[in-house]
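Okay, input.txt now, which holds compact mmCIF, C-alpha atoms and all ligand atoms:
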# COMPACT_ATOMS: atom_id res chain seq x y z
CA MET A 23 3.06 262.01 148.31
CA LYS A 24 0.03 259.72 148.56
CA LYS A 25 -3.05 261.44 149.93
CA ILE A 26 -4.18 260.28 153.34
CA PRO A 27 -7.84 261.30 153.35
CA LEU A 28 -9.63 262.41 156.48
CA ALA A 29 -12.69 260.33 155.65
CA GLY A 30 -14.12 258.17 152.92
CA PRO A 31 -16.30 255.11 152.41
CA SER A 32 -15.94 251.39 151.87
CA ILE A 33 -17.70 250.44 148.63
CA THR A 34 -18.05 246.84 147.43
CA GLN A 35 -19.84 245.01 144.62
CA LYS A 36 -22.94 244.87 146.85
CA GLU A 37 -23.35 248.66 146.76
CA ILE A 38 -22.82 248.69 143.00
CA ASP A 39 -25.37 245.90 142.50
CA TYR A 40 -28.00 247.60 144.67
CA VAL A 41 -27.57 250.96 142.92
CA HIS A 42 -27.70 249.24 139.55
CA ASP A 43 -30.90 247.50 140.59
CA ALA A 44 -32.42 250.83 141.72
CA VAL A 45 -31.50 252.56 138.46
CA VAL A 46 -32.91 249.73 136.33
CA ASN A 47 -35.91 248.66 138.41
CA GLY A 48 -36.73 251.52 140.80
CA TRP A 49 -39.49 253.13 138.74
CA TYR A 50 -43.23 252.74 138.10
CA GLU A 51 -44.82 250.49 140.77
CA THR A 52 -41.46 250.01 142.47
CA TYR A 53 -40.32 253.66 142.42
CA ASP A 54 -39.79 253.67 146.19
CA MET A 55 -38.93 250.01 146.72
CA HIS A 56 -35.42 250.65 148.03
CA ILE A 57 -36.58 253.46 150.31
CA LYS A 58 -39.11 251.12 151.95
CA LYS A 59 -36.51 248.37 152.29
CA LEU A 60 -34.00 250.79 153.80
CA GLU A 61 -36.48 252.22 156.32
CA LYS A 62 -37.51 248.72 157.40
CA ALA A 63 -33.92 247.46 157.65
CA PHE A 64 -32.77 250.53 159.55
CA ALA A 65 -35.69 250.50 162.02
CA GLU A 66 -34.93 246.83 162.72
CA TYR A 67 -31.21 247.47 163.08
CA VAL A 68 -31.57 250.27 165.64
CA GLY A 69 -34.63 248.75 167.31
CA SER A 70 -37.09 251.59 166.65
CA LYS A 71 -40.71 251.21 165.58
CA TYR A 72 -40.58 253.86 162.85
CA ALA A 73 -37.95 255.21 160.48
CA ILE A 74 -38.14 257.94 157.83
CA ALA A 75 -35.33 258.24 155.29
CA THR A 76 -34.52 261.85 154.34
CA TYR A 77 -32.35 263.65 151.83
CA CYS A 78 -29.79 264.44 154.57
CA GLY A 79 -29.26 264.37 158.31
CA THR A 80 -29.99 268.08 158.67
CA HIS A 81 -33.48 267.50 157.24
CA ALA A 82 -34.04 264.74 159.78
CA LEU A 83 -33.05 267.16 162.56
CA HIS A 84 -35.41 269.84 161.19
CA LEU A 85 -38.25 267.30 160.99
CA ALA A 86 -37.54 266.29 164.59
CA ALA A 87 -37.95 269.92 165.71
CA LEU A 88 -41.15 270.31 163.64
CA ALA A 89 -42.62 267.02 164.87
CA LEU A 90 -42.06 268.03 168.49
CA GLY A 91 -43.76 271.37 167.79
CA LEU A 92 -40.75 273.45 168.84
CA GLY A 93 -40.97 277.11 167.89
CA PRO A 94 -40.36 280.74 168.85
CA GLY A 95 -40.20 281.27 172.62
CA ASP A 96 -39.00 277.71 173.23
CA GLU A 97 -35.52 276.96 174.53
CA VAL A 98 -33.64 273.81 173.68
CA ILE A 99 -30.53 272.77 175.61
CA VAL A 100 -27.94 271.68 173.06
CA ALA A 101 -24.43 270.27 173.41
CA ASP A 102 -22.01 273.04 172.43
CA GLN A 103 -19.77 270.67 170.48
CA SER A 104 -21.26 269.50 167.21
CA TYR A 105 -21.37 270.16 163.54
CA ILE A 106 -23.36 273.39 163.17
CA ALA A 107 -26.33 271.63 161.51
CA THR A 108 -27.46 270.63 165.00
CA ALA A 109 -28.08 274.24 166.03
CA HIS A 110 -29.27 275.46 162.64
CA ALA A 111 -32.06 272.86 162.56
CA LEU A 112 -33.48 274.34 165.78
CA SER A 113 -33.16 277.85 164.38
CA TYR A 114 -35.20 276.86 161.32
CA VAL A 115 -38.23 276.53 163.61
CA GLY A 116 -37.37 279.66 165.62
CA ALA A 117 -36.38 277.85 168.82
CA LYS A 118 -33.53 279.24 170.91
CA CYS A 119 -30.38 277.16 171.43
CA VAL A 120 -28.98 277.19 174.96
CA PHE A 121 -25.55 275.61 174.76
CA ALA A 122 -24.35 273.20 177.43
CA ASP A 123 -20.73 272.27 178.01
CA VAL A 124 -19.36 268.84 177.19
CA VAL A 125 -17.42 266.25 179.18
CA PRO A 126 -13.73 266.60 178.23
CA ASP A 127 -13.18 262.82 178.01
CA THR A 128 -15.90 262.24 175.40
CA LEU A 129 -16.99 265.66 174.06
CA CYS A 130 -20.57 264.54 174.74
CA ILE A 131 -23.00 266.73 176.72
CA ASP A 132 -22.29 267.11 180.44
CA SER A 133 -25.62 266.01 181.91
CA ARG A 134 -25.02 268.03 185.10
CA GLN A 135 -25.00 271.17 182.95
CA ILE A 136 -28.47 270.42 181.62
CA GLU A 137 -30.16 270.93 184.98
CA VAL A 138 -28.35 274.21 185.55
CA LEU A 139 -29.65 275.61 182.25
CA ILE A 140 -33.32 274.61 182.54
CA THR A 141 -35.78 277.54 182.64
CA PRO A 142 -39.59 277.64 182.41
CA ARG A 143 -39.18 278.02 178.63
CA THR A 144 -37.06 274.88 178.18
CA LYS A 145 -38.91 272.35 176.02
CA ALA A 146 -36.28 269.88 174.90
CA VAL A 147 -32.72 268.63 175.13
CA MET A 148 -30.71 267.91 171.99
CA VAL A 149 -27.78 265.62 172.72
CA VAL A 150 -25.05 264.75 170.22
CA HIS A 151 -23.39 261.34 170.27
CA PHE A 152 -20.09 262.94 169.45
CA GLY A 153 -17.51 261.20 167.32
CA GLY A 154 -19.36 257.90 167.55
CA PHE A 155 -19.28 257.90 171.37
CA ALA A 156 -22.55 257.61 173.28
CA CYS A 157 -23.78 260.29 175.68
CA ASP A 158 -24.62 259.39 179.26
CA MET A 159 -28.24 258.68 178.31
CA ASP A 160 -29.33 257.27 181.69
CA ALA A 161 -28.63 260.65 183.27
CA VAL A 162 -30.08 262.62 180.33
CA MET A 163 -33.33 260.63 180.29
CA ASP A 164 -33.68 260.89 184.06
CA ILE A 165 -33.39 264.70 183.97
CA ALA A 166 -35.69 264.93 180.95
CA ARG A 167 -38.40 262.84 182.63
CA ARG A 168 -38.23 264.80 185.85
CA HIS A 169 -38.56 268.12 183.99
CA ARG A 170 -40.90 266.85 181.25
CA LEU A 171 -38.52 267.68 178.42
CA ALA A 172 -38.42 266.02 175.03
CA VAL A 173 -35.11 264.41 174.03
CA ILE A 174 -33.71 264.55 170.52
CA GLU A 175 -30.61 262.48 169.88
CA ASP A 176 -28.38 263.78 167.11
CA ALA A 177 -26.90 260.39 166.24
CA CYS A 178 -25.58 261.60 162.87
CA GLN A 179 -22.08 260.38 163.73
CA SER A 180 -23.11 257.29 165.64
CA VAL A 181 -24.62 254.74 163.23
CA GLY A 182 -23.33 251.51 164.77
CA THR A 183 -22.88 252.90 168.31
CA PHE A 184 -24.72 251.25 171.19
CA TYR A 185 -25.33 252.46 174.73
CA HIS A 186 -25.82 249.63 177.24
CA GLY A 187 -26.92 247.45 174.33
CA ILE A 188 -29.44 249.95 172.86
CA HIS A 189 -28.59 251.68 169.60
CA THR A 190 -27.99 255.42 169.93
CA GLY A 191 -30.90 257.41 168.54
CA ALA A 192 -33.42 254.84 169.77
CA ILE A 193 -33.37 255.98 173.41
CA GLY A 194 -34.94 259.46 173.42
CA ASP A 195 -38.11 260.67 171.68
CA ILE A 196 -36.51 261.09 168.26
CA GLY A 197 -33.12 260.10 166.84
CA THR A 198 -31.49 261.40 163.66
CA PHE A 199 -28.73 259.94 161.50
CA SER A 200 -26.59 261.02 158.55
CA PHE A 201 -25.14 259.12 155.62
CA GLN A 202 -23.14 262.06 154.27
CA GLY A 203 -19.94 260.98 152.55
CA SER A 204 -17.64 261.32 155.57
CA LYS A 205 -19.77 259.17 157.90
CA ILE A 206 -19.19 255.49 158.69
CA ALA A 207 -21.99 254.41 156.27
CA VAL A 208 -22.59 256.63 153.27
CA GLY A 209 -25.08 257.53 150.57
CA GLY A 210 -23.26 260.63 149.33
CA GLU A 211 -26.04 262.55 151.05
CA GLY A 212 -28.71 260.87 153.13
CA GLY A 213 -30.38 260.94 156.52
CA MET A 214 -32.81 259.09 158.75
CA LEU A 215 -35.22 259.91 161.57
CA VAL A 216 -36.32 257.22 164.01
CA THR A 217 -38.91 257.20 166.77
CA ASN A 218 -41.10 254.82 168.74
CA ASP A 219 -43.94 257.35 168.95
CA GLU A 220 -46.58 257.01 166.26
CA ALA A 221 -47.81 260.61 166.53
CA LEU A 222 -44.28 261.99 166.16
CA TYR A 223 -43.71 259.67 163.21
CA GLN A 224 -46.88 260.87 161.47
CA ARG A 225 -46.03 264.52 162.05
CA ALA A 226 -42.44 264.13 160.81
CA LYS A 227 -43.65 262.23 157.76
CA HIS A 228 -46.27 264.92 157.06
CA TYR A 229 -43.81 267.85 157.26
CA GLY A 230 -41.26 266.02 155.14
CA THR A 231 -43.73 265.46 152.30
CA PHE A 232 -45.10 269.01 151.78
CA CYS A 233 -47.80 268.54 154.46
CA ARG A 234 -49.81 266.84 151.76
CA ASN A 235 -53.30 265.80 152.82
CA ASP A 236 -54.81 264.03 149.87
CA GLY A 237 -57.71 262.93 152.11
CA ILE A 238 -59.14 266.45 151.80
CA GLN A 239 -58.47 266.79 148.10
CA TYR A 240 -55.87 265.32 145.77
CA LEU A 241 -52.63 267.41 146.04
CA TRP A 242 -54.07 269.37 148.99
CA SER A 243 -51.60 270.74 151.54
CA ASP A 244 -52.76 271.70 155.03
CA ASP A 245 -49.62 273.51 156.24
CA VAL A 246 -46.24 274.75 155.03
CA GLY A 247 -44.27 271.57 154.43
CA TYR A 248 -40.97 270.48 152.93
CA ASN A 249 -39.68 268.12 150.28
CA TYR A 250 -37.18 266.20 152.37
CA ARG A 251 -37.49 262.80 150.71
CA ILE A 252 -34.52 260.67 149.83
CA SER A 253 -33.92 259.42 146.28
CA ASN A 254 -34.57 255.73 145.70
CA VAL A 255 -31.10 255.34 144.13
CA THR A 256 -29.43 256.82 147.21
CA ALA A 257 -31.56 254.61 149.45
CA ALA A 258 -30.28 251.54 147.57
CA LEU A 259 -26.68 252.55 148.28
CA ILE A 260 -27.36 253.15 151.97
CA LEU A 261 -29.26 249.84 152.24
CA ALA A 262 -26.16 247.98 151.06
CA GLN A 263 -24.07 249.85 153.63
CA ILE A 264 -26.49 249.05 156.47
CA GLU A 265 -26.44 245.38 155.49
CA ARG A 266 -22.64 245.62 155.84
CA ILE A 267 -22.65 247.71 159.02
CA ASP A 268 -20.90 245.08 161.16
CA GLN A 269 -18.07 244.96 158.61
CA LEU A 270 -17.88 248.76 158.53
CA VAL A 271 -17.65 248.98 162.32
CA ALA A 272 -15.00 246.23 162.38
CA ASN A 273 -12.93 248.12 159.81
CA LYS A 274 -13.15 251.36 161.79
CA LYS A 275 -12.21 249.42 164.93
CA ARG A 276 -9.09 248.12 163.15
CA ILE A 277 -8.08 251.70 162.35
CA PHE A 278 -8.94 253.01 165.83
CA GLU A 279 -6.97 250.28 167.60
CA SER A 280 -3.96 250.81 165.37
CA TYR A 281 -3.97 254.50 166.32
CA TRP A 282 -4.41 253.69 170.00
CA GLU A 283 -1.45 251.33 169.94
CA LYS A 284 0.73 254.10 168.48
CA LEU A 285 -0.66 257.08 170.38
CA ARG A 286 -1.55 255.80 173.85
CA ASP A 287 1.68 257.12 175.34
CA ASN A 288 2.11 260.05 172.95
CA PRO A 289 3.54 263.03 174.84
CA TYR A 290 1.78 265.62 172.65
CA PHE A 291 -1.60 264.22 171.63
CA GLU A 292 -4.26 262.90 173.97
CA MET A 293 -6.53 260.46 172.11
CA LEU A 294 -10.11 260.07 173.34
CA LEU A 295 -11.45 256.65 174.32
CA PRO A 296 -15.08 255.50 174.43
CA PRO A 297 -16.78 255.89 177.84
CA ALA A 298 -18.00 252.99 179.98
CA GLY A 299 -21.33 251.53 178.85
CA CYS A 300 -20.72 252.53 175.24
CA GLU A 301 -19.97 250.12 172.42
CA PRO A 302 -18.85 252.68 169.83
CA ASN A 303 -18.69 252.56 166.04
CA TYR A 304 -15.01 253.64 166.26
CA GLY A 305 -15.80 256.09 163.47
CA TYR A 306 -13.41 258.85 164.54
CA VAL A 307 -10.03 259.35 166.15
CA LEU A 308 -10.35 262.56 168.13
CA GLY A 309 -8.32 264.27 170.75
CA CYS A 310 -6.51 267.37 171.91
CA LEU A 311 -3.00 268.66 172.11
CA ARG A 312 -2.08 267.93 175.72
CA ASP A 313 -2.03 270.80 178.20
CA GLY A 314 1.40 272.38 178.26
CA VAL A 315 2.22 271.39 174.67
CA ASN A 316 2.85 274.82 173.33
CA ALA A 317 2.31 274.15 169.62
CA ASN A 318 -0.09 276.06 167.40
CA ARG A 319 -2.92 273.69 166.46
CA ASP A 320 -3.88 275.47 163.23
CA GLU A 321 -0.30 275.52 162.03
CA LEU A 322 -0.03 271.79 162.78
CA VAL A 323 -3.12 271.12 160.66
CA ARG A 324 -1.71 273.25 157.82
CA ARG A 325 1.65 271.51 157.89
CA MET A 326 0.03 268.08 157.86
CA LEU A 327 -2.09 269.15 154.87
CA ASP A 328 1.10 270.29 153.12
CA MET A 329 2.26 266.68 153.36
CA ASN A 330 -1.09 265.48 152.02
CA VAL A 331 -2.14 264.12 155.41
CA HIS A 332 -5.66 265.39 155.92
CA PHE A 333 -6.12 266.48 159.52
CA ARG A 334 -9.05 268.58 160.65
CA PRO A 335 -9.22 270.97 163.61
CA GLY A 336 -11.91 270.39 166.26
CA TYR A 337 -15.26 272.05 165.69
CA PRO A 338 -15.53 275.70 166.66
CA SER A 339 -17.72 276.02 169.75
CA MET A 340 -21.19 276.75 168.38
CA HIS A 341 -21.86 279.42 171.00
CA ARG A 342 -19.10 281.61 169.50
CA MET A 343 -20.69 281.84 166.05
CA PRO A 344 -22.66 284.94 165.05
CA PRO A 345 -26.22 283.54 165.19
CA TYR A 346 -25.66 281.91 168.58
CA GLU A 347 -23.61 284.16 170.85
CA GLN A 348 -24.24 283.60 174.56
CA THR A 349 -22.47 284.64 177.72
CA HIS A 350 -22.27 281.63 180.06
CA ALA A 351 -18.95 279.77 179.97
CA VAL A 352 -18.42 276.36 178.34
CA PRO A 353 -14.70 275.80 178.99
CA ASN A 354 -14.40 272.16 177.88
CA SER A 355 -15.99 272.93 174.54
CA ASP A 356 -13.75 275.97 174.10
CA ARG A 357 -10.65 273.92 174.88
CA TYR A 358 -11.51 271.44 172.13
CA ASP A 359 -12.24 274.37 169.81
CA ARG A 360 -8.69 275.69 170.41
CA ARG A 361 -6.71 272.44 170.82
CA GLY A 362 -8.86 269.71 169.27
CA LEU A 363 -7.79 267.54 166.35
CA VAL A 364 -9.48 264.98 164.13
CA LEU A 365 -7.13 262.40 162.62
CA PRO A 366 -7.74 260.62 159.31
CA THR A 367 -9.94 257.53 159.62
CA ALA A 368 -11.07 256.90 156.05
CA HIS A 369 -12.11 253.28 155.51
CA SER A 370 -9.29 252.92 152.96
CA LEU A 371 -6.45 253.54 155.46
CA GLU A 372 -3.83 250.81 155.74
CA GLU A 373 -1.45 250.10 158.59
CA GLU A 374 1.41 251.93 156.86
CA ASP A 375 -0.79 255.03 156.38
CA ILE A 376 -1.62 255.15 160.07
CA ALA A 377 2.06 254.75 160.96
CA ARG A 378 2.87 257.62 158.58
CA VAL A 379 0.19 259.88 160.12
CA CYS A 380 1.52 259.31 163.64
CA GLY A 381 5.16 259.63 162.63
CA GLU A 382 4.59 262.87 160.71
CA MET A 383 2.48 264.33 163.49
CA ASN A 384 5.23 263.73 166.05
CA ARG A 385 7.89 265.10 163.71
CA VAL A 386 5.94 268.28 162.91
CA ILE A 387 5.06 268.97 166.55
CA GLU A 388 8.70 268.49 167.60
CA GLU A 389 9.84 270.86 164.85
CA MET A 390 7.30 273.43 165.96
CA LEU A 391 8.34 273.14 169.60
CA LYS A 392 12.05 273.45 168.69
CA GLY A 393 11.32 276.57 166.63
CA LYS A 394 9.91 278.15 169.79
CA ARG A 395 13.02 277.66 171.89
C1 LIG B 401 -23.03 265.19 159.61
C2 LIG B 401 -23.73 265.73 160.79
C3 LIG B 401 -24.94 266.43 160.68
C4 LIG B 401 -25.55 266.79 159.36
O1 LIG B 401 -25.82 265.72 158.54
P1 LIG B 401 -25.96 265.99 156.96
O2 LIG B 401 -26.36 264.64 156.44
O3 LIG B 401 -24.63 266.45 156.46
O4 LIG B 401 -27.03 267.00 156.77
C5 LIG B 401 -25.57 266.84 161.83
N1 LIG B 401 -25.04 266.63 163.05
C6 LIG B 401 -23.87 265.98 163.20
C7 LIG B 401 -23.34 265.75 164.58
C8 LIG B 401 -23.17 265.54 162.08
O5 LIG B 401 -21.99 264.92 162.24

Could you express the structure from this file as structure tokens?
Ligand SMILES: *Cc1c(COP(=O)(O)O)cnc(C)c1O
Amino acid sequence: MKKIPLAGPSITQKEIDYVHDAVVNGWYETYDMHIKKLEKAFAEYVGSKYAIATYCGTHALHLAALALGLGPGDEVIVADQSYIATAHALSYVGAKCVFADVVPDTLCIDSRQIEVLITPRTKAVMVVHFGGFACDMDAVMDIARRHRLAVIEDACQSVGTFYHGIHTGAIGDIGTFSFQGSKIAVGGEGGMLVTNDEALYQRAKHYGTFCRNDGIQYLWSDDVGYNYRISNVTAALILAQIERIDQLVANKKRIFESYWEKLRDNPYFEMLLPPAGCEPNYGYVLGCLRDGVNANRDELVRRMLDMNVHFRPGYPSMHRMPPYEQTHAVPNSDRYDRRGLVLPTAHSLEEEDIARVCGEMNRVIEEMLKGKR
């Protein structure tokens, strides 16, 4: 049976031409030509003053924590639902993650939880624009200003997502993005940090390039730094994708709307919709088994995989994992952990693939429910 992939890119002649150009011409005086073009194009697209391209999104998150000077003894309030890189990046600098619950409708941070979790040690809030949906940034920024907290936006899944007309990642102090192969725009690996603050930009740039300070002496380093630069060839690929971002969002919207048409009244699966004020990138089709549907989520995922339909379970709640155990309850995050599903939304999906995914999902769930009776 034909594979229905969970994720995968849209590649055209433009990407091939740009990569070819980088391989042939991206050396000597022009060794970083495509990196500079990408950073400029991306900063313009999201409406930020500064952009730094990185090897991956996780590096951008780590640089954000370093630039803000987070370290041991500091607490950062983090949405409990995310890919684990979000929390790990804070651990790299020794900061403590304090996990906040999410809103069940969007899986984005519940802003009311932030205020409950603030202590004298809280230095920052790390929100995640989950599944290409935007967090309630008006509320987050209001709380952050009142308590003098920095705001990092993990926008790794939300290239192409706007909140009240502003691109996600360009609202808080620092935003981070990923171009890993499953994201809406890809470079294989690749990341980006954006900010409007020149000092934060300089610090992030410094840490990401070994803390080199050639002003003191050539090849001098004034602190422990990292080699987090992107390759010029990868930058060329991502540049082509960013120049096509409207097309990429439109294609994801086609897939999302086709799913919505088929699943809106589904008795088993509850598909999530973008919140008010958010113009999403439609990158993901997420949801949960409805309450009362007594089917085993993991078995459903396995049985779909057996038919070469690549489902994924929701992320495990980060607070349950060994480095991060905590005691306060985050029930909405835990529900998604147990009952959450991610449906295939690869750029290559056709109408008949989406119909097959929905048909098979219904059939398998019904079989599982019958087996129980
Ligand atoms: C993909 C992703 C990351 C990590 O990005 P990489 O480029 O894979 O390092 C971080 N946070 C979220 C929410 C992501 O989806």

Exercise. Excluding stretch 52-64 of chain A and residues on its chain fewer than 2 positions from it, collect all residues at most 9 Å away from it, counting all atoms listed in the file, and give them as a count of residues only.
Key: 30

Exercise. Give the answer as one residue: which of A:Ala161, A:Ile99, A:Ala65, A:Cys233 has the shortest atom-to-atom distance to A:Ile136, using only C-alpha atoms?
Key: A:Ile99

Do you have, as a tab-separated table, the list of residues of chain A lying at most 10 Å from ligand LIG 401 (chain B), each with its nearest atom pair and that distance in Å to one decimal, counting all atoms listed in the file and ordered by chain then number?
residue	atom	partner	partner_atom	distance
A:Thr76	CA	B:LIG401	O2	8.9
A:Tyr77	CA	B:LIG401	O2	7.6
A:Cys78	CA	B:LIG401	O2	3.9
A:Gly79	CA	B:LIG401	O2	3.5
A:Thr80	CA	B:LIG401	O4	3.7
A:His81	CA	B:LIG401	O4	6.5
A:Ala82	CA	B:LIG401	O4	8.0
A:Leu83	CA	B:LIG401	C5	7.5
A:His84	CA	B:LIG401	O4	9.9
A:Ala101	CA	B:LIG401	C7	10.0
A:Gln103	CA	B:LIG401	C7	8.5
A:Ser104	CA	B:LIG401	C7	5.0
A:Tyr105	CA	B:LIG401	C6	4.9
A:Ile106	CA	B:LIG401	N1	7.0
A:Ala107	CA	B:LIG401	C5	4.9
A:Thr108	CA	B:LIG401	N1	5.1
A:Ala109	CA	B:LIG401	N1	8.7
A:His110	CA	B:LIG401	C5	9.4
A:Ala111	CA	B:LIG401	C5	8.9
A:Val149	CA	B:LIG401	C7	9.3
A:Val150	CA	B:LIG401	C7	6.0
A:His151	CA	B:LIG401	C7	7.2
A:Phe152	CA	B:LIG401	C7	6.5
A:Gly153	CA	B:LIG401	O5	7.7
A:Gly154	CA	B:LIG401	O5	9.2
A:Glu175	CA	B:LIG401	C7	9.6
A:Asp176	CA	B:LIG401	C7	6.0
A:Ala177	CA	B:LIG401	C7	6.6
A:Cys178	CA	B:LIG401	C8	4.7
A:Gln179	CA	B:LIG401	O5	4.8
A:Ser180	CA	B:LIG401	O5	8.4
A:Thr198	CA	B:LIG401	C5	8.2
A:Phe199	CA	B:LIG401	O1	7.1
A:Ser200	CA	B:LIG401	O2	4.2
A:Phe201	CA	B:LIG401	O2	5.7
A:Gln202	CA	B:LIG401	O2	4.7
A:Gly203	CA	B:LIG401	O3	8.2
A:Ser204	CA	B:LIG401	C1	7.8
A:Lys205	CA	B:LIG401	C1	7.1
A:Val208	CA	B:LIG401	O2	9.4
A:Gly209	CA	B:LIG401	O2	9.3
A:Gly210	CA	B:LIG401	O2	8.7
A:Glu211	CA	B:LIG401	O2	5.8
A:Gly212	CA	B:LIG401	O2	5.5
A:Gly213	CA	B:LIG401	O2	5.5
A:Met214	CA	B:LIG401	O2	8.8

Exercise. Compare A:Phe121, A:Glu373, A:Asp127, A:Gly191 by their minimum atom-to-atom distance to A:Arg342, counting only C-alpha atoms, and give me the closest one.
Key: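 So, comparing all the options, the nearest one is A:Phe121.
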
Quiz item: Of the residues A:Val46, A:Leu241, A:Met326, A:Ala207, which is the one nearest to A:Ala368, using all atoms listed in the file?
Solution: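 Between A:Val46, A:Leu241, A:Met326, A:Ala207, the residue approaching A:Ala368 most closely is A:Ala207.
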
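Closest to A:Tyr306 among A:Tyr250, A:Tyr185, A:Phe291, A:Tyr281 is A:Tyr281, based on all atoms listed in the file.
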
Practice problem: Counting only C-alpha atoms, figure out which residue out of A:Asp43, A:Glu382, A:Asp356, A:Glu388 gets nearest to A:Val315. | Solution: A:Glu388

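For the set A:Arg361, A:Lys274, A:His341, A:Lys25, the residue with the smallest atom-to-atom gap to A:Val323 is A:Arg361, counting all atoms listed in the file.
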
Practice problem: Quote the spacing between atom CA of A:Asp132 and atom CA of A:Arg319 in Å to one decimal place. | Solution: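 Calculated distance between atom CA of A:Asp132 and atom CA of A:Arg319 is 24.8 Å.
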